[in-house]
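Asker: Take this structure, written in structure tokens, and hold onto it; I'll ask about it next.
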There are 4 protein chains.
Amino acid sequence: MSELFGAVLARGPVAAAVGDPAWVRALLEAEAALAVAGARTGLVPAAAAARIAQVCRSLVPDPAELGAAAADTGNPVVPLVRQLEAAAGPEAGSYVHRGATSQDVMDTAMVLVARRAVDLVLADLAACADAASRLAAAHRCTVQAGRTLLQQAVPTTFGLKAAGWLVALDGAAVRLQVVRAGLPAQLGGAVGTLSAAGPDGLALLDAYAAELGLTAPVVPWHTLRLPVADLAGALGTAAGVLGKVALDVVLLAQTEVGEVAEGTPGRGGSSTMPHKRNAVAAVSARAAARRAPGLVATLLSCMEQEHERAAGAWHAEWRPLSELLASVGSAAAWTAECLGALQVDADRMRANLGAAGPETGAEAVAGALSDGLGRGVAHDLVAGLVRRARGGEGDLRALLLAQEQVAARLSAQDLDALLDPAAHTGCAGELVDRALRHRRQGSR
Amino acid sequence: MSELFGAVLARGPVAAAVGDPAWVRALLEAEAALAVAGARTGLVPAAAAARIAQVCRSLVPDPAELGAAAADTGNPVVPLVRQLEAAAGPEAGSYVHRGATSQDVMDTAMVLVARRAVDLVLADLAACADAASRLAAAHRCTVQAGRTLLQQAVPTTFGLKAAGWLVALDGAAVRLQVVRAGLPAQLGGAVGTLSAAGPDGLALLDAYAAELGLTAPVVPWHTLRLPVADLAGALGTAAGVLGKVALDVVLLAQTEVGEVAEGTPGRGGSSTMPHKRNAVAAVSARAAARRAPGLVATLLSCMEQEHERAAGAWHAEWRPLSELLASVGSAAAWTAECLGALQVDADRMRANLGAAGPETGAEAVAGALSDGLGRGVAHDLVAGLVRRARGGEGDLRALLLAQEQVAARLSAQDLDALLDPAAHTGCAGELVDRALRHRRQGSR
Amino acid sequence: MSELFGAVLARGPVAAAVGDPAWVRALLEAEAALAVAGARTGLVPAAAAARIAQVCRSLVPDPAELGAAAADTGNPVVPLVRQLEAAAGPEAGSYVHRGATSQDVMDTAMVLVARRAVDLVLADLAACADAASRLAAAHRCTVQAGRTLLQQAVPTTFGLKAAGWLVALDGAAVRLQVVRAGLPAQLGGAVGTLSAAGPDGLALLDAYAAELGLTAPVVPWHTLRLPVADLAGALGTAAGVLGKVALDVVLLAQTEVGEVAEGTPGRGGSSTMPHKRNAVAAVSARAAARRAPGLVATLLSCMEQEHERAAGAWHAEWRPLSELLASVGSAAAWTAECLGALQVDADRMRANLGAAGPETGAEAVAGALSDGLGRGVAHDLVAGLVRRARGGEGDLRALLLAQEQVAARLSAQDLDALLDPAAHTGCAGELVDRALRHRRQGSR
Amino acid sequence: MSELFGAVLARGPVAAAVGDPAWVRALLEAEAALAVAGARTGLVPAAAAARIAQVCRSLVPDPAELGAAAADTGNPVVPLVRQLEAAAGPEAGSYVHRGATSQDVMDTAMVLVARRAVDLVLADLAACADAASRLAAAHRCTVQAGRTLLQQAVPTTFGLKAAGWLVALDGAAVRLQVVRAGLPAQLGGAVGTLSAAGPDGLALLDAYAAELGLTAPVVPWHTLRLPVADLAGALGTAAGVLGKVALDVVLLAQTEVGEVAEGTPGRGGSSTMPHKRNAVAAVSARAAARRAPGLVATLLSCMEQEHERAAGAWHAEWRPLSELLASVGSAAAWTAECLGALQVDADRMRANLGAAGPETGAEAVAGALSDGLGRGVAHDLVAGLVRRARGGEGDLRALLLAQEQVAARLSAQDLDALLDPAAHTGCAGELVDRALRHRRQGSR
């Protein structure tokens with residue numbers, strides 16, 4: 001990760017969780033678990049296993065040194081094992097890495113790194129959802145223009161908009177949790193037969209997975225990359241949800257809309273324009289989220305792997321997965337900050353709706369006329385009057401009242417009720433309640 | 001879909017299931033369900049609902065006509081509703097589309113189209129998995145070179161390779177089934193408040209979903225596109241698995257490897273080379289699978305949708321989702337044909353392994369020497385002898401026996417056992433059993 | 001292409017130009033050119049070549065029939081050649097396809113299809129650029145809020161915005177023209193050696209390319225896919241430019257902004273909201289443009305092709321390239337319609353700028369104070385006063401005048417001049433002139 | 001960039017050229033050029049400009065510190081300018097950044113970083129092409145099996161394969177050179193009007209670009225991202241070419257093919273299998289190249305930018321562009337190493353071709369029979385005999401001679417000539433010459 005761009009593009013704790021030291025730590029945990037599991041199945045003497053596990057805990061290899069040595073074999077496990085052997089001494093050393101191939105340790109480490117990163121993403125997604133649920137509850141009845149194709153349509157409430165965010169954020173979290181729960185350990189030896197795993201390879205595989213708290217795979221997945229695809233899919237989905245929330249915020253924060261503003265003090269100034277107050281958190285969340293689809297595509301295209309170990313597609317996963325985790329983590333961290341301090345201007349929401357005039361009630365009028373006139377006729381009649389009102393022939397309300405077919409069916413009072421935005425938020429409040437109830441009942 | 005390329009690139013039944021007539025049918029089903037649900041909640045008179053449902057069943061609108069009319073509003077629902085109104089007559093006609101907006105019907109139709117297409121994909125995935133399980137069982141002990149980075153490594157069995165395919169194919173199917181089971185109906189009206197849905201909008205939403213056998217969403221998901229992301233992720237994963245299987249087949253079918261061949265009669269000729277017998281099914285499966293990552297990326301990038309209806313990103317989903325379904329369907333159909341008639345040449349597998357000489361046993365020798373010499377020393381010692389053998393200094397077996405440290409630890413008999421490929425397939429057989437057991441116990 | 005969605009998502013003439021009949025026509029043109037070139041190099045008797053060329057002109061094969069037969073070999077050239085042979089009669093028939101392999105004809109046809117489609121895209125891009133240049137000239141001095149991060153920043157002119165569109169649209173066109181000019185014919189025979197091309201294969205290659213008005217490649221490019229990558233890159237770039245223009249339009253057309261509207265009569269109604277007037281053309285352009293990045297990624301990932309003919313990646317190009325051409329064509333057609341009839345509300349532009357109050361002049365004030373106070377101090381001072389004005393402590397102008405460091409440097413008159421938006425459009429007009437001049441001087 | 005993975009995935013000099021210090025240096029160069037240009041147009045006193053330029057040369061800001069401060073405004077230019085002002089002192093300090101907005105400096109820095117990185121990529125591409133041209137010349141006549149769909153087809157020469165690599169590598173380089181030559185400076189001020197650029201903004205823009213050796217844009221391109229798209233397209237194309245070359249190498253290096261091997265000493269060992277000699281360079285090149293399509297898609301999707309500065313899509317470019325440069329640089333570095341020391345086994349090439357038996361001559365036989373029998377009949381006749389030979393009915397040569405229609409047209413001698421692979425490499429040699437000539441004549 002770049003330090004120059006990290007605070008903007010790799011915000012939050014995930015960037016560190018996918019950094020070099022975290023990867024090295026995870027590699028060592030995998031080697032330790034392998035030794036301990038080996039001791040359980042008789043592959044490794046108990047003393048050697050204990051010694052290896054202890055060395056794995058205390059050794060702090062230099063990532064740069066491992067990385068440089070990795071060029072000869074294509075991955076950093078070979079030099080790491082050499083260091084472990086040396087540190088463990090001649091006796092225990094010969095049992096280091098016993099039963100495994102490099103990819104076993106790399107894949108398991110990748111899974112461990114991803115699990116921790118996902119936990120951090122989940123924490124920020126939960127913070128986002130908490131903020132969204134507070135906004136939904138607080139603004140259950142705050143009337144706001146519903147907007148379709150970026151045009152004011154008919155009224156909704158800001159609470160329902162926030163409830164939608166809530167449901168989607170929780171939905172993204174659930175998908176990540178499912179993937180997290182199924183993350184498998186990797187162990188298969190050179191070609192996935194567990195040929196170096198001693199008398200009871202399957203027991204070793206199961207013990208190793210248990211030791212790490214990971215799922216034991218049915219068969220090794222060296223070139224069957226469902227776990228990577230699962231992570232990619234769930235992270236891509238989370239990015240999409242975060243991007244949607246952030247997009248709504250930047251649109252609502254536009255100067256001409258002004259319905260929300262980001263409230264974090266000191267944030268959002270401009271180098272040249274003293275009056276600017278940019279939605280920096282939402283903007284940065286969008287920037288991070290937008291990287292996800294391309295990274296997901298890369299990971300999915302890497303599923304095409306040859307035979308028992310891929311000639312490139314495996315190595316190609318490491319950086320995109322780390323980048324994807326960091327990007328989604330960044331989007332979640334920024335969105336949590338954005339929603340957590342969001343300033344909502346209910347007056348402006350109401351005013352914006354009024355500015356569009358009584359037109360947003362046109363659907364309701366057409367609906368009321370539908371029973372008698374038929375949906376199509378009613379729609380065309382009202383649309384015609386809207387066009388005339390826009391053309392300057394008069395106020396829509398007056399034009400409606402002057403129309404015979406309308407007057408025959410609706411009194412002025414009826415019409416005013418139909419044209420009042422606040423009266424037409426439908427089930428917005430009930431839907432907010434439904435979303436909050438769904439959350440309490442444990443959508444997550 | 002193109003008819004010129006369809007037989008190669010959109011094979012199997014999915015292409016038709018995502019074609020124009022299927023979409024129109026699904027749109028009509030959604031309108032019918034809406035009327036029936038409306039009758040349950042008092043929004044629509046029972047007779048009108050019955051009439052609308054009947055018209056929806058019998059009407060066969062011309063997709064081209066609907067499409068042409070769609071340009072004015074951006075989607076084909078508006079002209080479809082006009083046709084329905086006309087067909088239903090003035091009385092029932094005024095109840096058509098009551099409570100819904102165009103996107104409600106489009107999204108629900110998309111879900112219905114996807115559900116049917118996914119069922120067809122699942123059927124072909126099941127056929128693939130059946131074939132893989134048969135291959136796994138039949139070749140449980142068929143020794144084959146395990147290959148890493150496209151180099152022969154140590155022995156495995158073809159049964160284990162097929163068992164890996166099986167587990168991955170079933171895994172992809174499980175993911176699709178989970179997504180299928182959660183597919184939601186869409187109903188929210190203009191901005192998702194159910195404002196035109198009458199006295200009890202939530203009841204209408206639930207009845208509508210029930211009528212279609214779909215999940216009722218917590219809130220409308222007009223711009224919260226988790227269901228599309230779910231489909232994209234699971235389909236992208238399935239494509240990745242199918243691409244991996246097809247890649248293994250084309251690699252094994254190479255002239256110089258020749259361990260498998262496609263057995264469908266009449267397939268695989270060349271326009272200019274009479275002797276060619278191409279693995280057309282696997283090649284075509286790869287071609288279809290390779291389209292998935294880009295399509296998934298498009299669908300994920302379309303999650304960034306504005307407010308209550310997206311200004312473009314929604315419309316952008318329709319074709320990529322249809323293309324993705326058809327591509328994955330095509331890959332599954334081709335792979336089912338490929339695996340179903342796969343010819344396996346066990347003799348060639350054994351011969352190829354032998355051709356690499358005793359080298360594939362080098363790992364086993366190094367392993368046997370590790371206890372005494374330490375892993376690193378043993379590895380380097382054997383690697384040195386392999387280099388000398390390749391350099392023409394003699395046969396690897398002879399060089400090993402002549403080596404003091406080896407001779408001190410291993411008899412000629414020991415060595416022959418270690419160098420026999422068949423003796424070193426590790427737990428391959430047990431892993432095959434584990435995969436077949438897992439399947440019987442209902443992985444799917 | 002789907003007829004149901006085509007009018008929205010595959011608008012304009014490109015969709016037909018990449019359809020099945022167009023591909024079949026192009027295949028026949030390639031075969032005709034091959035025969036004619038063969039006659040020039042002595043590979044084919046002149047009479048046979050004439051007969052083949054004539055048959056290629058008159059034959060109208062059924063795409064569905066060719067497609068069905070394609071499944072056995074993986075492409076439709078084999079059955080097409082059989083039809084040609086039959087139609088040409090026994091004598092001439094034996095010279096059909098002489099010297100070529102299926103991929104030669106397929107690739108050449110792809111290039112021919114792409115060339116025609118690109119011409120159509122270029123025509124619509126030119127229409128877009130013409131409209132943009134008219135807007136730029138007409139609104140050279142129409143003051144409008146410049147907006148950064150979706151916040152009003154400082155003034156610009158609508159003419160400069162349109163000039164930016166113009167430069168980018170022309171830039172995209174130039175890139176497509178360069179690619180179009182370099183499109184190569186394909187001819188190499190089975191493995192690219194021209195082994196069946198008779199005594200002078202290179203002459204055949206050059207004559208064939210000349211006959212089609214295409215570039216003669218240095219070597220056959222069966223698996224060296226630069227031409228496809230070139231098309232992908234230039235089309236993806238064009239889509240990006242069109243998407244940017246359309247995004248600006250939908251943002252400016254927002255109800256709360258209202259600075260532009262689409263003017264095509266009858267377009268943009270809503271099925272339920274009679275008052276809506278959606279920017280359907282811009283929305284549809286965005287929908288089409290958004291598909292491009294994923295399709296480009298697919299085409300680039302298909303560059304990884306095996307040896308002398310790819311085992312899947314080649315076949316995988318056909319549909320994405322057609323879809324990409326149709327999508328960009330659709331985006332260009334919609335944008336041409338959108339810009340061609342764009343209604344610009346200069347009064348609203350001015351009013352929106354005023355609504356933000358004198359704040360948009362804050363940069364100018366800070367700039368004027370910089371000489372004396374230093375940039376940082378001046379910026380912080382003005383920003384502080386903006387904050388106080390927003391906090392309700394008074395009017396920004398009054399606060400500025402009351403500030404000692406300001407008052408010491410600026411008179412009330414100076415300040416008013418600085419706070420007048422119209423006075424601060426910088427070089428907007430000159431930049432418009434520069435863009436128009438650049439165009440006249442033949443950027444294209 | 002990760003140090004742990006860098007040696008494998010970010011090899012060569014590009015990784016450092018896109019690292020934090022390189023970005024900071026480029027930011028400072030942009031600020032220096034701005035001051036110098038300002039002095040030319042009278043915006044900045046000459047002494048102040050000299051002082052600023054000197055400070056820009058000597059200052060070494062801490063990327064981490066800048067990065068941390070960047071979070072408040074969204075980019076690191078604001079804190080950098082503060083540091084520059086402080087270092088330049090009160091007098092000159094007030095002229096720092098005069099006329100520019102943050103994005104002007106960021107975009108220009110990005111272009112400078114990209115230009116340097118592209119130069120390094122070009123150097124490694126040239127090394128690759130040099131190696132390919134040496135291989136093409138040396139193996140102009142080295143017979144090798146041409147392979148289509150991974151099946152042996154008809155003979156080619158290894159020289160022609162290498163010539164294809166050469167042409168494609170040079171083609172990729174040419175495309176990068178064109179993009180490099182057109183890279184523009186960025187300068188427009190807050191909203192692209194050059195409003196803070198003093199009396200002659202356009203002159204400032206042109207002087208600034210000239211100072212940096214960059215193209216002066218027609219108008220600012222803050223949200224018109226053609227230069228980024230150009231880089232993305234050309235880099236994606238280069239990655240595709242490198243991936244193709246590396247794929248051919250790993251396929252030729254397969255144990256069962258064994259026609260090439262990587263020759264770098266010490267590379268390619270395995271942690272567990274002493275006999276392995278992996279094509280680590282080609283594998284690593286593939287791993288790097290495979291990341292490109294997804295990164296290109298991200299950059300293209302970021303072209304959709306709002307108004308005068310994007311709310312996220314701009315920030316989203318920084319990391320993908322750096323990653324793309326580093327990935328392509330890595331692929332080029334690895335491929336240069338791979339081709340530079342490639343060991344070619346001409347005997348094995350010949351032997352592999354022979355192992356397929358006389359079948360690879362079948363096309364030639366069918367061709368010879370075409371004149372009399374017609375292409376279709378001749379093809380079917382030979383294909384039938386191939387099938388019978390494979391079915392064990394006899395040797396293909398014998399079967400052919402026994403066939404009446406063959407015997408009537410071909411003597412045994414004719415047949416032997418037709419069945420000799422070496423006689424059927426067509427124009428392979430001439431095509432090699434053409435490729436080498438094309439290179440000498442300055443394709444690059």
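Chain labels A, B, ... are given in the sequence in which chains occur in the structure tokens; within each chain residues are numbered consecutively from 1, and ligands are likewise numbered from 1 in the order shown.
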Got a sec: who's within 12 Å of Ala162 in chain C, counting only C-alpha atoms, leaving out chain neighbours fewer than 5 positions off, as an MDAnalysis selection string?
Answerer: (chainID C and resid 128:142 144 156:157 167:169 244:246 248:249 339 342 344 428:429 431:433 435:436) or (chainID D and resid 219 224 307:308)
Asker: Output as a ChimeraX atom specification all residues of range 164-379 of chain D that backbone DSSP marks as alpha helix (DSSP H).
Answerer: /D:164-182,201-212,226-252,280-289,292-301,318-340,346-355,362-373,375-379
Asker: Give me, as a tab-separated table, each residue of chain A that comes within 6 Å of chain B, together with its shortest interatomic pair and the distance in Å at one decimal, counting only C-alpha atoms, with rows ordered by chain and rising residue number.
Answerer:
residue	atom	partner	partner_atom	distance
A:Ser94	CA	B:Gly374	CA	4.5
A:Gly146	CA	B:Val191	CA	5.5
A:Arg147	CA	B:Glu308	CA	5.4
A:Thr148	CA	B:Arg309	CA	4.3
A:Leu149	CA	B:Ala311	CA	4.2
A:Val191	CA	B:Gly146	CA	5.5
A:Thr193	CA	B:Ala428	CA	4.9
A:Leu194	CA	B:Gly426	CA	5.5
A:Ser195	CA	B:Gly426	CA	3.7
A:Ala229	CA	B:Thr237	CA	5.9
A:Gly233	CA	B:Gly233	CA	4.8
A:Thr237	CA	B:Ala229	CA	5.9
A:Gly240	CA	B:Met303	CA	5.0
A:Gly243	CA	B:Glu304	CA	5.6
A:Lys244	CA	B:Glu304	CA	4.5
A:Asp248	CA	B:His307	CA	5.8
A:Pro293	CA	B:Ala297	CA	4.5
A:Gly294	CA	B:Ala297	CA	6.0
A:Ala297	CA	B:Pro293	CA	4.5
A:Leu300	CA	B:Pro293	CA	5.7
A:Ser301	CA	B:Pro293	CA	5.8
A:Met303	CA	B:Gly240	CA	5.1
A:Glu304	CA	B:Lys244	CA	4.6
A:Gln305	CA	B:Lys244	CA	5.7
A:His307	CA	B:Asp248	CA	5.8
A:Glu308	CA	B:Thr148	CA	5.3
A:Arg309	CA	B:Thr148	CA	4.3
A:Ala310	CA	B:Leu149	CA	5.3
A:Ala311	CA	B:Leu149	CA	4.1
A:Gly374	CA	B:Ser94	CA	4.3
A:Arg375	CA	B:Ser94	CA	5.0
A:Gly426	CA	B:Ser195	CA	3.7
A:Cys427	CA	B:Thr193	CA	5.2
A:Ala428	CA	B:Thr193	CA	4.9
Asker: Run DSSP on the backbone and give me the residues of range 309-439 of chain C it puts in strand (DSSP E or B), as a list of chain:residue names.
Answerer: C:Arg309, C:Leu342, C:Gln343, C:Val344
Asker: Write the residues you've just listed into a file as a CSV table (one decimal), in the first residue's frame, and include all heavy atoms for each of them.
Answerer:
chain,number,residue,atom,x,y,z
C,309,ARG,N,-3.2,-21.3,-32.9
C,309,ARG,CA,-4.6,-21.0,-32.9
C,309,ARG,C,-5.1,-21.2,-31.4
C,309,ARG,O,-4.8,-22.3,-30.9
C,309,ARG,CB,-5.5,-21.8,-33.9
C,309,ARG,CG,-7.0,-21.5,-33.8
C,309,ARG,CD,-7.7,-21.6,-35.1
C,309,ARG,NE,-6.8,-21.2,-36.2
C,309,ARG,CZ,-6.5,-22.0,-37.2
C,309,ARG,NH1,-7.1,-23.1,-37.4
C,309,ARG,NH2,-5.6,-21.6,-38.1
C,342,LEU,N,-30.7,19.7,-27.5
C,342,LEU,CA,-30.6,20.1,-26.1
C,342,LEU,C,-31.1,21.5,-25.9
C,342,LEU,O,-30.8,22.4,-26.6
C,342,LEU,CB,-29.1,20.1,-25.6
C,342,LEU,CG,-28.9,20.0,-24.1
C,342,LEU,CD1,-29.3,18.7,-23.6
C,342,LEU,CD2,-27.4,20.2,-23.8
C,343,GLN,N,-32.0,21.6,-24.9
C,343,GLN,CA,-32.5,23.0,-24.5
C,343,GLN,C,-31.7,23.5,-23.3
C,343,GLN,O,-31.6,22.9,-22.3
C,343,GLN,CB,-34.0,22.8,-24.2
C,343,GLN,CG,-34.8,22.3,-25.3
C,343,GLN,CD,-36.2,22.1,-25.0
C,343,GLN,OE1,-36.6,22.0,-23.8
C,343,GLN,NE2,-37.1,22.0,-26.0
C,344,VAL,N,-31.1,24.7,-23.5
C,344,VAL,CA,-30.3,25.3,-22.5
C,344,VAL,C,-31.0,26.5,-21.9
C,344,VAL,O,-31.5,27.3,-22.6
C,344,VAL,CB,-28.9,25.7,-23.2
C,344,VAL,CG1,-28.0,26.4,-22.1
C,344,VAL,CG2,-28.3,24.6,-23.9
Asker: Need to verify the contact set: Ala332 in chain A, 9 Å, only C-alpha atoms, exclusion of same-chain residues closer than 3 positions in sequence. Can you return it as a ChimeraX atom specification?
Answerer: /A:11-12,121-125,127-128,238-239,242,285,289,327-329,335-337
